[in-house]
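Asks: The following file, my_file-v6.cif, comprises mmCIF, C-alpha atoms, pLDDT in the B column; chains and numbers go by the auth columns:
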```cif
data_model
loop_
_atom_site.group_PDB
_atom_site.id
_atom_site.type_symbol
_atom_site.label_atom_id
_atom_site.label_comp_id
_atom_site.label_asym_id
_atom_site.label_seq_id
_atom_site.Cartn_x
_atom_site.Cartn_y
_atom_site.Cartn_z
_atom_site.B_iso_or_equiv
_atom_site.auth_seq_id
_atom_site.auth_asym_id
ATOM 1 C CA MET A 1 82.117 79.688 56.708 34.00 225 A
ATOM 2 C CA VAL A 2 83.790 83.075 57.232 34.00 226 A
ATOM 3 C CA ASN A 3 86.932 83.083 59.307 42.00 227 A
ATOM 4 C CA LYS A 4 86.280 85.645 62.022 40.00 228 A
ATOM 5 C CA GLY A 5 89.958 86.103 62.647 44.00 229 A
ATOM 6 C CA ALA A 6 90.598 87.070 59.030 44.00 230 A
ATOM 7 C CA SER A 7 89.322 90.600 59.529 45.00 231 A
ATOM 8 C CA SER A 8 92.028 91.232 62.096 49.00 232 A
ATOM 9 C CA LEU A 9 94.811 90.399 59.637 49.00 233 A
ATOM 10 C CA PRO A 10 96.634 93.335 58.003 57.00 234 A
ATOM 11 C CA PRO A 11 95.896 93.778 54.289 78.00 235 A
ATOM 12 C CA ALA A 12 98.191 91.881 51.952 86.00 236 A
ATOM 13 C CA THR A 13 100.927 93.775 50.117 92.00 237 A
ATOM 14 C CA GLY A 14 100.082 93.859 46.416 94.00 238 A
ATOM 15 C CA VAL A 15 103.026 93.139 44.114 95.00 239 A
ATOM 16 C CA LEU A 16 103.338 93.740 40.369 96.00 240 A
ATOM 17 C CA ILE A 17 106.062 91.767 38.579 96.00 241 A
ATOM 18 C CA VAL A 18 107.419 93.270 35.354 97.00 242 A
ATOM 19 C CA ASP A 19 110.076 91.055 33.785 96.00 243 A
ATOM 20 C CA GLN A 20 110.891 89.900 30.271 96.00 244 A
ATOM 21 C CA GLN A 21 111.473 86.260 31.265 94.00 245 A
ATOM 22 C CA LEU A 22 108.274 84.232 31.585 95.00 246 A
ATOM 23 C CA THR A 23 109.828 81.419 33.627 94.00 247 A
ATOM 24 C CA PHE A 24 111.337 83.915 36.055 94.00 248 A
ATOM 25 C CA ARG A 25 108.022 85.763 36.459 94.00 249 A
ATOM 26 C CA ASP A 26 106.034 82.600 37.026 94.00 250 A
ATOM 27 C CA ALA A 27 108.494 81.138 39.529 94.00 251 A
ATOM 28 C CA LEU A 28 108.731 84.401 41.437 95.00 252 A
ATOM 29 C CA ALA A 29 104.957 84.879 41.470 95.00 253 A
ATOM 30 C CA ALA A 30 104.402 81.375 42.827 95.00 254 A
ATOM 31 C CA ARG A 31 106.922 81.946 45.597 94.00 255 A
ATOM 32 C CA LEU A 32 105.543 85.363 46.583 95.00 256 A
ATOM 33 C CA ASN A 33 101.955 84.111 46.629 94.00 257 A
ATOM 34 C CA ALA A 34 103.036 81.474 49.127 93.00 258 A
ATOM 35 C CA GLU A 35 103.769 84.261 51.613 93.00 259 A
ATOM 36 C CA GLN A 36 100.749 85.139 53.753 89.00 260 A
ATOM 37 C CA GLU A 37 101.243 88.907 53.628 91.00 261 A
ATOM 38 C CA LEU A 38 102.078 89.136 49.896 94.00 262 A
ATOM 39 C CA ILE A 39 99.874 88.798 46.826 93.00 263 A
ATOM 40 C CA VAL A 40 100.897 89.131 43.188 94.00 264 A
ATOM 41 C CA VAL A 41 98.253 91.357 41.608 94.00 265 A
ATOM 42 C CA ALA A 42 99.616 91.055 38.057 94.00 266 A
ATOM 43 C CA GLU A 43 102.533 89.997 35.880 95.00 267 A
ATOM 44 C CA ALA A 44 103.778 91.667 32.702 95.00 268 A
ATOM 45 C CA PRO A 45 106.679 91.214 30.256 96.00 269 A
ATOM 46 C CA SER A 46 107.044 94.923 29.471 95.00 270 A
ATOM 47 C CA ALA A 47 106.267 98.407 30.746 94.00 271 A
ATOM 48 C CA GLU A 48 103.597 98.845 28.078 94.00 272 A
ATOM 49 C CA SER A 49 101.739 95.699 29.048 94.00 273 A
ATOM 50 C CA ALA A 50 102.186 96.534 32.739 94.00 274 A
ATOM 51 C CA ARG A 51 100.280 99.779 32.230 92.00 275 A
ATOM 52 C CA ARG A 52 97.361 97.819 30.799 91.00 276 A
ATOM 53 C CA VAL A 53 97.177 95.098 33.450 89.00 277 A
ATOM 54 C CA LEU A 54 97.654 97.590 36.269 86.00 278 A
ATOM 55 C CA VAL A 55 94.405 99.452 35.585 84.00 279 A
ATOM 56 C CA GLY A 56 92.121 99.135 38.602 81.00 280 A
ATOM 57 C CA ARG A 57 94.570 96.995 40.580 84.00 281 A
ATOM 58 C CA PRO A 58 95.977 98.598 43.748 85.00 282 A
ATOM 59 C CA THR A 59 99.698 97.942 43.882 92.00 283 A
ATOM 60 C CA ASP A 60 102.123 98.508 46.735 94.00 284 A
ATOM 61 C CA ILE A 61 105.347 97.099 45.275 95.00 285 A
ATOM 62 C CA VAL A 62 106.608 96.920 41.691 96.00 286 A
ATOM 63 C CA LEU A 63 109.355 94.416 40.960 97.00 287 A
ATOM 64 C CA LEU A 64 110.836 95.869 37.789 97.00 288 A
ATOM 65 C CA ASP A 65 113.315 94.293 35.385 96.00 289 A
ATOM 66 C CA ALA A 66 116.107 96.860 34.994 94.00 290 A
ATOM 67 C CA GLU A 67 117.089 95.259 31.675 93.00 291 A
ATOM 68 C CA LEU A 68 113.892 96.174 29.839 94.00 292 A
ATOM 69 C CA PRO A 69 114.715 97.507 26.339 92.00 293 A
ATOM 70 C CA GLY A 70 116.014 101.061 26.049 89.00 294 A
ATOM 71 C CA ASP A 71 115.082 103.388 28.877 87.00 295 A
ATOM 72 C CA SER A 72 111.640 101.843 29.404 91.00 296 A
ATOM 73 C CA ALA A 73 112.460 100.575 32.902 93.00 297 A
ATOM 74 C CA LEU A 74 113.560 104.004 34.131 92.00 298 A
ATOM 75 C CA ALA A 75 110.637 105.719 32.405 92.00 299 A
ATOM 76 C CA PHE A 76 108.140 103.285 33.924 94.00 300 A
ATOM 77 C CA CYS A 77 109.765 103.658 37.353 93.00 301 A
ATOM 78 C CA ALA A 78 109.472 107.448 37.176 91.00 302 A
ATOM 79 C CA GLU A 79 105.876 107.156 36.001 92.00 303 A
ATOM 80 C CA MET A 80 104.906 104.863 38.879 92.00 304 A
ATOM 81 C CA THR A 81 106.612 106.915 41.572 90.00 305 A
ATOM 82 C CA ARG A 82 104.918 110.123 40.412 87.00 306 A
ATOM 83 C CA ARG A 83 101.471 108.715 41.135 87.00 307 A
ATOM 84 C CA ILE A 84 99.422 110.069 44.012 84.00 308 A
ATOM 85 C CA HIS A 85 99.406 106.652 45.690 86.00 309 A
ATOM 86 C CA ALA A 86 102.822 105.689 44.402 90.00 310 A
ATOM 87 C CA PRO A 87 104.021 102.092 44.756 93.00 311 A
ATOM 88 C CA ARG A 88 107.553 101.328 45.859 93.00 312 A
ATOM 89 C CA VAL A 89 109.731 100.223 42.955 95.00 313 A
ATOM 90 C CA VAL A 90 112.326 97.491 43.455 96.00 314 A
ATOM 91 C CA MET A 91 114.654 97.161 40.476 95.00 315 A
ATOM 92 C CA LEU A 92 115.835 93.647 39.581 96.00 316 A
ATOM 93 C CA SER A 93 119.058 93.279 37.609 92.00 317 A
ATOM 94 C CA ALA A 94 121.787 90.835 36.708 88.00 318 A
ATOM 95 C CA ALA A 95 124.444 93.402 37.686 83.00 319 A
ATOM 96 C CA SER A 96 125.132 96.163 40.211 76.00 320 A
ATOM 97 C CA GLN A 97 126.605 98.968 38.119 80.00 321 A
ATOM 98 C CA ALA A 98 126.734 102.132 40.208 82.00 322 A
ATOM 99 C CA GLN A 99 125.787 104.514 37.391 84.00 323 A
ATOM 100 C CA ARG A 100 122.662 102.494 36.592 86.00 324 A
ATOM 101 C CA ILE A 101 121.702 102.331 40.256 86.00 325 A
ATOM 102 C CA VAL A 102 122.048 106.110 40.541 84.00 326 A
ATOM 103 C CA ALA A 103 119.835 106.539 37.460 85.00 327 A
ATOM 104 C CA ALA A 104 117.236 104.268 39.077 88.00 328 A
ATOM 105 C CA ILE A 105 117.348 106.251 42.320 85.00 329 A
ATOM 106 C CA ARG A 106 116.835 109.444 40.315 84.00 330 A
ATOM 107 C CA ALA A 107 113.790 107.810 38.725 87.00 331 A
ATOM 108 C CA GLY A 108 112.389 107.085 42.187 89.00 332 A
ATOM 109 C CA ALA A 109 113.418 103.469 42.815 90.00 333 A
ATOM 110 C CA THR A 110 113.444 102.298 46.427 91.00 334 A
ATOM 111 C CA ALA A 111 115.771 99.330 46.027 92.00 335 A
ATOM 112 C CA TRP A 112 118.104 97.543 43.632 92.00 336 A
ATOM 113 C CA VAL A 113 118.438 93.775 43.935 93.00 337 A
ATOM 114 C CA ARG A 114 120.570 91.431 41.865 92.00 338 A
ATOM 115 C CA LYS A 115 118.682 88.514 40.378 92.00 339 A
ATOM 116 C CA ASP A 116 121.246 86.093 41.723 90.00 340 A
ATOM 117 C CA GLU A 117 120.467 87.131 45.302 90.00 341 A
ATOM 118 C CA SER A 118 118.681 84.556 47.424 91.00 342 A
ATOM 119 C CA LEU A 119 114.903 84.553 47.498 91.00 343 A
ATOM 120 C CA ASP A 120 115.045 85.171 51.236 92.00 344 A
ATOM 121 C CA ARG A 121 117.015 88.358 50.555 92.00 345 A
ATOM 122 C CA LEU A 122 114.465 89.506 47.980 94.00 346 A
ATOM 123 C CA LEU A 123 111.599 88.826 50.386 94.00 347 A
ATOM 124 C CA CYS A 124 113.417 90.825 53.045 93.00 348 A
ATOM 125 C CA VAL A 125 113.851 93.735 50.616 94.00 349 A
ATOM 126 C CA ILE A 126 110.190 93.604 49.547 94.00 350 A
ATOM 127 C CA ARG A 127 108.993 93.690 53.140 93.00 351 A
ATOM 128 C CA GLY A 128 111.388 96.506 53.928 92.00 352 A
ATOM 129 C CA ALA A 129 110.248 98.472 50.879 92.00 353 A
ATOM 130 C CA ALA A 130 106.637 98.076 52.004 91.00 354 A
ATOM 131 C CA ARG A 131 107.677 99.713 55.297 89.00 355 A
ATOM 132 C CA GLY A 132 109.352 102.584 53.432 88.00 356 A
ATOM 133 C CA GLU A 133 112.911 101.298 53.719 89.00 357 A
ATOM 134 C CA THR A 134 115.618 101.550 51.044 87.00 358 A
ATOM 135 C CA TRP A 135 118.043 98.803 50.048 87.00 359 A
ATOM 136 C CA LEU A 136 121.118 98.915 47.807 83.00 360 A
ATOM 137 C CA PRO A 137 123.817 96.279 47.161 78.00 361 A
ATOM 138 C CA ALA A 138 126.610 96.595 49.702 76.00 362 A
ATOM 139 C CA SER A 139 129.249 96.113 46.996 73.00 363 A
ATOM 140 C CA ALA A 140 128.080 99.221 45.124 72.00 364 A
ATOM 141 C CA LEU A 141 126.947 101.362 48.042 72.00 365 A
ATOM 142 C CA GLY A 142 130.155 103.385 48.442 74.00 366 A
ATOM 143 C CA VAL A 143 130.381 104.320 44.755 74.00 367 A
ATOM 144 C CA VAL A 144 126.643 105.092 44.568 71.00 368 A
ATOM 145 C CA LEU A 145 126.836 107.450 47.547 73.00 369 A
ATOM 146 C CA ARG A 146 129.893 109.193 46.093 73.00 370 A
ATOM 147 C CA LEU A 147 128.142 109.709 42.750 68.00 371 A
ATOM 148 C CA LEU A 148 125.021 111.052 44.455 65.00 372 A
ATOM 149 C CA MET A 149 127.093 113.478 46.543 68.00 373 A
ATOM 150 C CA GLU A 150 128.936 114.675 43.435 63.00 374 A
ATOM 151 C CA GLU A 151 125.593 115.227 41.700 62.00 375 A
ATOM 152 C CA GLN A 152 124.359 117.223 44.678 61.00 376 A
ATOM 153 C CA ASP A 153 127.480 119.407 44.547 54.00 377 A
ATOM 154 C CA ASP A 154 127.005 119.897 40.798 55.00 378 A
ATOM 155 C CA ARG A 155 123.363 120.903 41.316 61.00 379 A
ATOM 156 C CA ARG A 156 124.346 123.383 43.999 64.00 380 A
ATOM 157 C CA ARG A 157 126.979 124.947 41.737 62.00 381 A
ATOM 158 C CA CYS A 158 124.501 125.096 38.879 61.00 382 A
ATOM 159 C CA ASP A 159 121.897 126.769 41.100 64.00 383 A
ATOM 160 C CA ASP A 160 124.462 129.359 42.155 65.00 384 A
ATOM 161 C CA LEU A 161 125.279 130.052 38.516 68.00 385 A
ATOM 162 C CA LEU A 162 121.615 130.362 37.546 71.00 386 A
ATOM 163 C CA ALA A 163 121.053 132.757 40.442 73.00 387 A
ATOM 164 C CA ALA A 164 123.639 135.075 38.888 74.00 388 A
ATOM 165 C CA LEU A 165 121.592 135.415 35.686 79.00 389 A
ATOM 166 C CA THR A 166 119.165 138.258 35.109 83.00 390 A
ATOM 167 C CA PRO A 167 115.453 137.428 34.589 82.00 391 A
ATOM 168 C CA ARG A 168 115.845 138.109 30.846 87.00 392 A
ATOM 169 C CA GLU A 169 118.890 135.849 30.619 84.00 393 A
ATOM 170 C CA ARG A 170 116.951 133.045 32.325 80.00 394 A
ATOM 171 C CA ASP A 171 114.069 133.769 29.965 83.00 395 A
ATOM 172 C CA ILE A 172 116.350 133.264 26.965 85.00 396 A
ATOM 173 C CA LEU A 173 117.946 130.229 28.589 80.00 397 A
ATOM 174 C CA PHE A 174 114.583 128.529 28.989 80.00 398 A
ATOM 175 C CA HIS A 175 113.741 128.856 25.299 83.00 399 A
ATOM 176 C CA LEU A 176 117.194 127.598 24.300 81.00 400 A
ATOM 177 C CA ALA A 177 116.698 124.563 26.540 75.00 401 A
ATOM 178 C CA GLU A 178 113.344 123.976 24.836 75.00 402 A
ATOM 179 C CA GLY A 179 115.235 123.607 21.558 76.00 403 A
ATOM 180 C CA ALA A 180 114.660 127.062 20.033 79.00 404 A
ATOM 181 C CA GLY A 181 117.415 128.670 17.952 81.00 405 A
ATOM 182 C CA ARG A 182 118.553 132.255 18.409 83.00 406 A
ATOM 183 C CA LYS A 183 116.238 133.622 15.714 87.00 407 A
ATOM 184 C CA GLU A 184 113.246 131.798 17.183 88.00 408 A
ATOM 185 C CA VAL A 185 114.100 133.060 20.667 87.00 409 A
ATOM 186 C CA ALA A 186 114.180 136.609 19.312 89.00 410 A
ATOM 187 C CA GLN A 187 110.776 136.133 17.691 90.00 411 A
ATOM 188 C CA ARG A 188 109.226 134.623 20.803 88.00 412 A
ATOM 189 C CA LEU A 189 110.472 137.397 23.050 89.00 413 A
ATOM 190 C CA HIS A 190 109.977 140.278 20.617 90.00 414 A
ATOM 191 C CA LEU A 191 113.679 141.091 20.767 89.00 415 A
ATOM 192 C CA SER A 192 116.198 141.818 18.063 90.00 416 A
ATOM 193 C CA ALA A 193 118.711 139.142 17.136 88.00 417 A
ATOM 194 C CA HIS A 194 121.463 141.495 18.331 89.00 418 A
ATOM 195 C CA THR A 195 119.841 141.826 21.788 90.00 419 A
ATOM 196 C CA VAL A 196 119.488 138.040 22.111 88.00 420 A
ATOM 197 C CA ARG A 197 123.131 137.604 21.087 88.00 421 A
ATOM 198 C CA THR A 198 124.241 140.166 23.667 90.00 422 A
ATOM 199 C CA HIS A 199 122.290 138.463 26.454 88.00 423 A
ATOM 200 C CA LEU A 200 123.557 135.060 25.347 86.00 424 A
ATOM 201 C CA GLN A 201 127.167 136.237 25.435 87.00 425 A
ATOM 202 C CA SER A 202 126.587 137.617 28.932 87.00 426 A
ATOM 203 C CA LEU A 203 125.041 134.428 30.319 80.00 427 A
ATOM 204 C CA MET A 204 127.735 132.251 28.709 81.00 428 A
ATOM 205 C CA ALA A 205 130.392 134.387 30.391 84.00 429 A
ATOM 206 C CA LYS A 206 128.627 134.006 33.760 79.00 430 A
ATOM 207 C CA LEU A 207 128.289 130.235 33.310 74.00 431 A
ATOM 208 C CA GLY A 208 131.855 129.849 32.098 76.00 432 A
ATOM 209 C CA VAL A 209 130.951 128.086 28.835 73.00 433 A
ATOM 210 C CA HIS A 210 131.653 128.869 25.196 75.00 434 A
ATOM 211 C CA SER A 211 128.701 127.572 23.190 76.00 435 A
ATOM 212 C CA THR A 212 124.911 127.347 23.271 77.00 436 A
ATOM 213 C CA LEU A 213 125.137 123.569 23.452 76.00 437 A
ATOM 214 C CA GLU A 214 127.265 123.813 26.593 74.00 438 A
ATOM 215 C CA VAL A 215 124.772 126.256 28.117 72.00 439 A
ATOM 216 C CA VAL A 216 121.870 123.876 27.570 72.00 440 A
ATOM 217 C CA ALA A 217 123.794 120.785 28.709 71.00 441 A
ATOM 218 C CA LEU A 218 124.874 122.513 31.921 67.00 442 A
ATOM 219 C CA THR A 219 121.568 124.022 32.958 64.00 443 A
ATOM 220 C CA ARG A 220 118.736 121.920 31.495 64.00 444 A
ATOM 221 C CA PRO A 221 118.611 119.427 34.425 61.00 445 A
ATOM 222 C CA ARG A 222 118.065 122.293 36.892 59.00 446 A
ATOM 223 C CA LEU A 223 115.743 124.629 34.988 59.00 447 A
ATOM 224 C CA GLU A 224 112.535 122.991 36.220 55.00 448 A
ATOM 225 C CA ALA A 225 113.487 123.765 39.816 52.00 449 A
ATOM 226 C CA TRP A 226 113.290 127.511 39.172 52.00 450 A
ATOM 227 C CA PRO A 227 109.926 129.210 39.879 49.00 451 A
ATOM 228 C CA GLU A 228 110.566 131.840 37.205 47.00 452 A
ATOM 229 C CA ILE A 229 111.152 129.132 34.626 46.00 453 A
ATOM 230 C CA ARG A 230 108.021 127.199 35.635 46.00 454 A
ATOM 231 C CA GLN A 231 105.989 130.402 35.405 49.00 455 A
ATOM 232 C CA LEU A 232 107.453 131.088 31.984 44.00 456 A
ATOM 233 C CA ARG A 233 106.499 127.582 30.839 45.00 457 A
ATOM 234 C CA ARG A 234 102.903 128.179 31.970 43.00 458 A
ATOM 235 C CA SER A 235 102.712 131.551 30.238 46.00 459 A
ATOM 236 C CA THR A 236 104.161 130.295 26.960 44.00 460 A
ATOM 237 C CA THR A 237 102.060 127.149 26.815 39.00 461 A
ATOM 238 C CA SER A 238 98.870 129.038 27.662 39.00 462 A
ATOM 239 C CA THR A 239 99.079 130.948 24.363 38.00 463 A
ATOM 240 C CA GLY A 240 100.804 128.311 22.259 39.00 464 A
ATOM 241 C CA ASP A 241 104.041 130.128 21.496 38.00 465 A
ATOM 242 C CA GLY A 242 104.077 132.863 24.110 37.00 466 A
ATOM 243 C CA LEU A 243 104.090 135.738 21.596 33.00 467 A
ATOM 244 C CA ASP A 244 100.916 137.300 22.959 32.00 468 A
ATOM 245 C CA GLU A 245 102.173 137.379 26.532 35.00 469 A
ATOM 246 C CA PRO A 246 103.304 140.751 27.913 32.00 470 A
ATOM 247 C CA ARG A 247 107.086 140.887 28.248 36.00 471 A
ATOM 248 C CA GLN A 248 109.414 143.032 30.276 34.00 472 A
ATOM 249 C CA THR A 249 110.971 145.742 28.133 31.00 473 A
ATOM 250 C CA LEU A 250 114.719 146.055 28.314 31.00 474 A
#
```
Represent the supplied structure as structure tokens.
Replies:
Amino acid sequence: MVNKGASSLPPATGVLIVDQQLTFRDALAARLNAEQELIVVAEAPSAESARRVLVGRPTDIVLLDAELPGDSALAFCAEMTRRIHAPRVVMLSAASQAQRIVAAIRAGATAWVRKDESLDRLLCVIRGAARGETWLPASALGVVLRLLMEEQDDRRRCDDLLAALTPRERDILFHLAEGAGRKEVAQRLHLSAHTVRTHLQSLMAKLGVHSTLEVVALTRPRLEAWPEIRQLRRSTTSTGDGLDEPRQTL
């Protein structure tokens, strides 16, 4: 017999658990499934297996083991949060290191919860995440906020420096950031090696650095934010190497 009142209940929040430890996953899944408004849609021991089991399964919350090998946790977090109907990612970790929390926030994580927190705390965070709320450990909050503010200041300074470059200097900068050497940059842009060197010396002076490596390290994180750079990427990729694209003559 169909429960007539069931249709009036809000839809359950779908949760994906990605954790290396089988016993932890199983225990957590059993506890979450006992909650009326939560349902575990899948479990996985790795990001790779999570991608497979997630196909065709609507997910609202991802509980993600921050200790997955290498950078796979951050990469998977960024991948999930870039989706059109992006789930909220709650990182689970044995520690609360501020730098790692900041990296997770950059990747799009909504919350960071220590694995030794109480289950009631985790349930509270999951429900809050489903409502769009953010949660970070109180012990690390001050340091995390300071690091984020310092990053914001660094980005603003970098944007100001990039704004001082000419279009050609930004053009050269993009190709350097893509990994091209000076000779390859000259070939791509139909410029002489001397002209590229002159522009490079000018942009290094404006940025206050002394080597190509320093130029790339300073500006690479911000290049994608620049419309001119995004347009250049489209024009170069549309022809393979960009050599057939019309270029401004200096």
Asks: Could you state which residues are captured by the PyMOL selection byres ((chain A and resi 436) around 12) in this file, as a CSV table (one decimal) with C-alpha atoms, in the coordinates of the input?
Replies:
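And here's selection-v4.csv as it stands now:
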```
chain,number,residue,atom,x,y,z
A,396,ILE,CA,116.4,133.3,27.0
A,397,LEU,CA,117.9,130.2,28.6
A,398,PHE,CA,114.6,128.5,29.0
A,399,HIS,CA,113.7,128.9,25.3
A,400,LEU,CA,117.2,127.6,24.3
A,401,ALA,CA,116.7,124.6,26.5
A,403,GLY,CA,115.2,123.6,21.6
A,404,ALA,CA,114.7,127.1,20.0
A,405,GLY,CA,117.4,128.7,18.0
A,406,ARG,CA,118.6,132.3,18.4
A,421,ARG,CA,123.1,137.6,21.1
A,423,HIS,CA,122.3,138.5,26.5
A,424,LEU,CA,123.6,135.1,25.3
A,425,GLN,CA,127.2,136.2,25.4
A,426,SER,CA,126.6,137.6,28.9
A,427,LEU,CA,125.0,134.4,30.3
A,428,MET,CA,127.7,132.3,28.7
A,429,ALA,CA,130.4,134.4,30.4
A,431,LEU,CA,128.3,130.2,33.3
A,432,GLY,CA,131.9,129.8,32.1
A,433,VAL,CA,131.0,128.1,28.8
A,434,HIS,CA,131.7,128.9,25.2
A,435,SER,CA,128.7,127.6,23.2
A,437,LEU,CA,125.1,123.6,23.5
A,438,GLU,CA,127.3,123.8,26.6
A,439,VAL,CA,124.8,126.3,28.1
A,440,VAL,CA,121.9,123.9,27.6
A,441,ALA,CA,123.8,120.8,28.7
A,442,LEU,CA,124.9,122.5,31.9
A,443,THR,CA,121.6,124.0,33.0
A,444,ARG,CA,118.7,121.9,31.5
```
Asks: Excluding same-chain residues fewer than 4 positions from range 266-281 of chain A, what lies within 6 Å of it counting all atoms listed in the file, as a list in words?
Replies: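 Result of the neighbour search: Leu240, Ile241, Val242, Asp243 and Gln244 of chain A.
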Asks: Given all atoms listed in the file as the basis, pick out the residue of A:Asp344, A:Asp284, A:Asp395, A:Asp295 nearest to Val265 in chain A.
Replies: A:Asp284
Asks: Determine the residue set returned by the PyMOL selection byres ((chain A and resi 325-328) around 10) for the present structure, and present it as an MDAnalysis selection string.
Replies: chainID A and resid 290 297:299 301:302 313:315 317 319:324 329:337 360:361 364:365 367:369 371:372 375
Asks: Quote the spacing between CA of Leu246 in chain A and CA of Arg306 in chain A in Å to one decimal place.
Replies: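 That distance, rounded to one decimal, is 27.6 Å.
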Asks: Could you work out how far CA of Leu288 in chain A lies from CA of Leu316 in chain A, giving the answer in Å with one decimal?
Replies: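 Between these atoms lies a distance of 5.8 Å.
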Asks: Measuring between all atoms listed in the file, which one of A:Ala318, A:Ala362, A:Ala251, A:Ala354 shows the shortest distance to Val239 in chain A?
Replies: A:Ala354
Asks: In Å, how far is it from CA of Thr305 in chain A to CA of Gly352 in chain A?
Replies: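 Between CA of Thr305 in chain A and CA of Gly352 in chain A the gap works out to 16.8 Å.
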Asks: Find the residue from A:Ile285, A:Leu343, A:Ala253, A:Ile350 that sits nearest to His309 in chain A; use only C-alpha atoms when measuring.
Replies: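 When distances to His309 in chain A are compared using only C-alpha atoms, the smallest one comes from A:Ile285.
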Asks: Find the residues with any atom within 7 Å of (123.3, 137.2, 34.6); use only C-alpha atoms and the coordinates as given in the file, and write the answer as a PDB file with C-alpha atoms, keeping the file's coordinate frame.
Replies:
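Wrote selection.pdb, looks like this:
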```pdb
ATOM      1  CA  ALA A 388     123.639 135.075  38.888  1.00 74.00           C
ATOM      2  CA  LEU A 389     121.592 135.415  35.686  1.00 79.00           C
ATOM      3  CA  THR A 390     119.165 138.258  35.109  1.00 83.00           C
ATOM      4  CA  GLU A 393     118.890 135.849  30.619  1.00 84.00           C
ATOM      5  CA  SER A 426     126.587 137.617  28.932  1.00 87.00           C
ATOM      6  CA  LEU A 427     125.041 134.428  30.319  1.00 80.00           C
ATOM      7  CA  LYS A 430     128.627 134.006  33.760  1.00 79.00           C
TER       8      LYS A 430
END
```
